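Chemist: One structure, as structure tokens, below. Some questions next.
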Amino acid sequence: MSSPVSTSSTVPEITRLPIPDRWSLHGYYSLCPYAPDGSDRILLSGADVETGEGEIIVLGPDRRIEHRFAAGPIGESYWHTGYWQTWSPDARAVYFQGGSLGQPLIRRRELATGRETSVAGDMEGAPPSGEPIYSGLLGMLYAAGYGDGVYKPERAPVPFQARDRHGIFEYTLDPAASRLRLSVAEILERNPQRDRLLAADREVKARLGPADGLTLMAYCVRWNRAGTRCIFFFGNHCVVRSRGEPRLTMIYSADREFRDIKLALDFSFGRRGVHWSWQPDGEHLIGYGPDPADPTRECLAEVRYDGTGYRKLSDHASSGHPSVSPLDRDLIVTDEGTPTGGAVVFISRRTGQVIRRHGLPRFLGEREAPGRNPLRICHHPVFNVRGDRVLCNTLPGKNAVLAEIIPPSL
């Protein structure tokens, strides 16, 4: 066991957890980095900016480093989500992303033995209920322009217009197997706006050629904490504007077997919405969408997974990454950009008002560079299992640093 990670604090509610010589971050705000066995261990990744190599790190409850092992070269997506490292349901193993955007690999490592298994495929986190893993292809997003704003279809793992060959994939590691569970073509065929989408598709073909069309993808699979339901996104919301495509973002919910599939939210053809994920009840989603009283404005809102009961929660309109405390359902955490970098914000569901804001300035107060790179950070605040801590990413210096925040009591 190593010596403790050094900690520092600027205010009593925040404890920083720097990993020496590592640009470190947790996976994503919809993935709980705290071990599901109640041990209070934290799963994260760290990168050596100079060598371009990264690793998976487990901090113990005393915040000493209990495990660290090589995870391979870092790519563009690392600066956003690390290796999408995720606990197994029993917290004895971790899943993480390997390979590259063009040739992705899902890896699983048993912490006690170091035994690793893998399967060719992609993931944006593993389900909290265990395998199979469901995911789109992250390389499709980056080929469409996500991150750097450059459309590069030649880098897509599967051609965009081969809609029967990409979508939501299903993966297992024992045995190693994969299959396309739900194709983009199938999603398009059952879409309530199918005719309008096909008309837009024909318009793109008329302008850009018969081999082209809408840049449709399925992506962003996000599970509720019980692992009984997920949501996934369908559309082209990250495609570059120069293509002249209408912006399309539709969010579907699905059960564990991908049989009960429902359209929960539609932010297409001029409607705005972003960063939707599950609330602790496993029934409702939270995110940013149109204000019901003025659809031209954004607000913090919620909806049931079947698309019913959409309602405004707060005027807060940062387009951040919101989630609800499993301890106090009145407490919401999200993040926002500021002139000096960003902040983690706590909001009361009952009043819709901000009750605490933690400013987390970037070093030198520099403006964020475009794309995914070591000069940019997303805070991605996430509650632990008990709801008495929030973990977030910060960038106070050359290296990104995790920070734990004690939430306010309501």
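Letters for chains follow the order of the structure tokens (A, B, ...), residue numbers begin at 1 for each chain, and ligand numbers begin at 1 in the order shown.
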Applying 9 Å and only C-alpha atoms, which residues near Leu265 in chain A remain after dropping the ones on its own chain fewer than 2 positions away? List them as a PyMOL selection string.

Modeler: chain A and resi 249-252+263+267+273+303+305-307+310

Chemist: Quick one: residues within 9 Å of Ser30 in chain A, only C-alpha atoms counted, chain neighbours fewer than 4 positions away excluded, as a list in words?

Modeler: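 Residues near the query, excluding close chain neighbours: Gly125, Arg222, Trp223, Asn224, Arg225, Ser277, Trp278, His321, Ser323, His380 and Val382 of chain A.
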
Chemist: Include C-alpha atoms and write out the residues we just selected as a PDB file, in the first residue's frame.

Modeler:
```pdb
ATOM      1  CA  GLY A 125     -19.289   2.818 -18.866  1.00  0.00           C
ATOM      2  CA  ARG A 222     -26.662   5.891 -19.544  1.00  0.00           C
ATOM      3  CA  TRP A 223     -27.940   3.484 -16.833  1.00  0.00           C
ATOM      4  CA  ASN A 224     -29.963   4.129 -13.734  1.00  0.00           C
ATOM      5  CA  ARG A 225     -28.097   3.089 -10.595  1.00  0.00           C
ATOM      6  CA  SER A 277     -29.409  11.297 -16.980  1.00  0.00           C
ATOM      7  CA  TRP A 278     -31.229   9.322 -14.317  1.00  0.00           C
ATOM      8  CA  HIS A 321     -24.316  18.087 -15.801  1.00  0.00           C
ATOM      9  CA  SER A 323     -27.938  14.926 -10.827  1.00  0.00           C
ATOM     10  CA  HIS A 380     -18.843  16.420 -13.911  1.00  0.00           C
ATOM     11  CA  VAL A 382     -21.370  13.104  -9.029  1.00  0.00           C
TER      12      VAL A 382
END
```

Chemist: Residues near range 92-96 of chain A, anyone? I mean within 9 Å using only C-alpha atoms, not counting same-chain ones fewer than 4 positions away, as a tab-separated table (two decimals) with C-alpha atoms, in the first residue's frame.

Modeler:
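And here's result.tsv as it stands now:
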```tsv
chain	number	residue	atom	x	y	z
A	43	LEU	CA	-12.04	4.70	-9.10
A	56	ILE	CA	-6.24	3.14	-13.72
A	71	ALA	CA	-4.18	1.34	-19.19
A	82	GLY	CA	-10.59	9.11	-18.86
A	83	TYR	CA	-10.94	5.46	-19.85
A	84	TRP	CA	-14.64	5.29	-18.92
A	85	GLN	CA	-13.46	3.24	-15.93
A	86	THR	CA	-16.36	1.53	-14.14
A	87	TRP	CA	-16.73	-0.76	-11.14
A	88	SER	CA	-18.06	-4.28	-11.54
A	105	LEU	CA	-11.30	-2.50	-26.91
A	106	ILE	CA	-13.26	-3.19	-23.71
A	107	ARG	CA	-11.04	-4.46	-20.90
A	108	ARG	CA	-11.87	-5.95	-17.51
A	109	ARG	CA	-9.33	-6.44	-14.74
A	110	GLU	CA	-9.73	-8.42	-11.52
A	111	LEU	CA	-8.11	-6.31	-8.83
A	112	ALA	CA	-6.99	-9.15	-6.55
A	123	MET	CA	-18.23	1.40	-24.05
A	124	GLU	CA	-19.22	4.55	-22.22
A	125	GLY	CA	-19.29	2.82	-18.87
A	126	ALA	CA	-20.51	-0.64	-17.87
```

Chemist: Applying 8 Å and only C-alpha atoms, which residues near range 237-241 of chain A remain after dropping the ones on its own chain fewer than 6 positions away? List them as a PyMOL selection string.

Modeler: chain A and resi 141+144-146+149-151+215+247-249

Chemist: Store the residues of this selection in a file with N, CA and C atoms, as an mmCIF file, in the first residue's frame.

Modeler:
```cif
data_model
loop_
_atom_site.group_PDB
_atom_site.id
_atom_site.type_symbol
_atom_site.label_atom_id
_atom_site.label_comp_id
_atom_site.auth_asym_id
_atom_site.auth_seq_id
_atom_site.Cartn_x
_atom_site.Cartn_y
_atom_site.Cartn_z
ATOM 1 N N LEU A 141 -18.934 9.579 -32.966
ATOM 2 C CA LEU A 141 -19.120 10.943 -32.488
ATOM 3 C C LEU A 141 -17.943 11.833 -32.877
ATOM 4 N N ALA A 144 -17.790 12.639 -36.482
ATOM 5 C CA ALA A 144 -18.808 13.620 -36.881
ATOM 6 C C ALA A 144 -18.415 15.046 -36.542
ATOM 7 N N GLY A 145 -17.414 15.199 -35.670
ATOM 8 C CA GLY A 145 -16.964 16.542 -35.319
ATOM 9 C C GLY A 145 -16.992 16.848 -33.850
ATOM 10 N N TYR A 146 -17.405 15.881 -33.023
ATOM 11 C CA TYR A 146 -17.427 16.096 -31.581
ATOM 12 C C TYR A 146 -16.001 16.360 -31.087
ATOM 13 N N GLY A 149 -14.710 19.900 -33.817
ATOM 14 C CA GLY A 149 -15.518 20.617 -34.794
ATOM 15 C C GLY A 149 -15.137 20.359 -36.237
ATOM 16 N N VAL A 150 -14.432 19.249 -36.501
ATOM 17 C CA VAL A 150 -14.006 18.911 -37.859
ATOM 18 C C VAL A 150 -14.717 17.627 -38.297
ATOM 19 N N TYR A 151 -15.408 17.683 -39.421
ATOM 20 C CA TYR A 151 -16.111 16.511 -39.953
ATOM 21 C C TYR A 151 -15.110 15.638 -40.715
ATOM 22 N N THR A 215 -26.246 12.611 -40.749
ATOM 23 C CA THR A 215 -25.210 11.934 -39.970
ATOM 24 C C THR A 215 -25.845 11.345 -38.711
ATOM 25 N N ARG A 247 -30.379 20.132 -36.620
ATOM 26 C CA ARG A 247 -29.863 19.514 -35.390
ATOM 27 C C ARG A 247 -30.903 18.548 -34.840
ATOM 28 N N LEU A 248 -30.478 17.302 -34.595
ATOM 29 C CA LEU A 248 -31.383 16.239 -34.169
ATOM 30 C C LEU A 248 -30.864 15.604 -32.883
ATOM 31 N N THR A 249 -31.681 15.616 -31.848
ATOM 32 C CA THR A 249 -31.330 14.949 -30.598
ATOM 33 C C THR A 249 -32.594 14.330 -30.025
#
```

Chemist: Mind checking which residues fall within 6 Å of Pro153 in chain A, counting only C-alpha atoms, ignoring those fewer than 2 positions away in the same chain, and posting them as JSON, numbers by chain?

Modeler: {"A": [143, 155, 156]}

Chemist: Pick from A:Arg115, A:Val158, A:Cys299, A:Lys262: nearest to Pro192 in chain A, with only C-alpha atoms counted?

Modeler: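 Looking at the shortest contact to Pro192 in chain A, the residue is A:Lys262.
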
Chemist: Smallest atom-to-atom distance to His275 in chain A: which of A:Leu395, A:Ile187, A:Ala317, A:Ala400, using only C-alpha atoms?

Modeler: A:Ala317

Chemist: Extract the full set of strand (DSSP E) residues from range 192-242 of chain A according to DSSP on the backbone, and format it as a list in words.

Modeler: Met217, Ala218, Tyr219, Cys220, Val221, Arg222, Trp223, Arg229, Cys230, Ile231, Phe232, Phe233, Phe234 and Gly235 of chain A

Chemist: Just checking: using only C-alpha atoms, which residue out of A:Asp90, A:Glu245, A:Asp195, A:Asp48 ends up closest to Leu208 in chain A?

Modeler: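 Smallest distance to Leu208 in chain A is found for A:Glu245.
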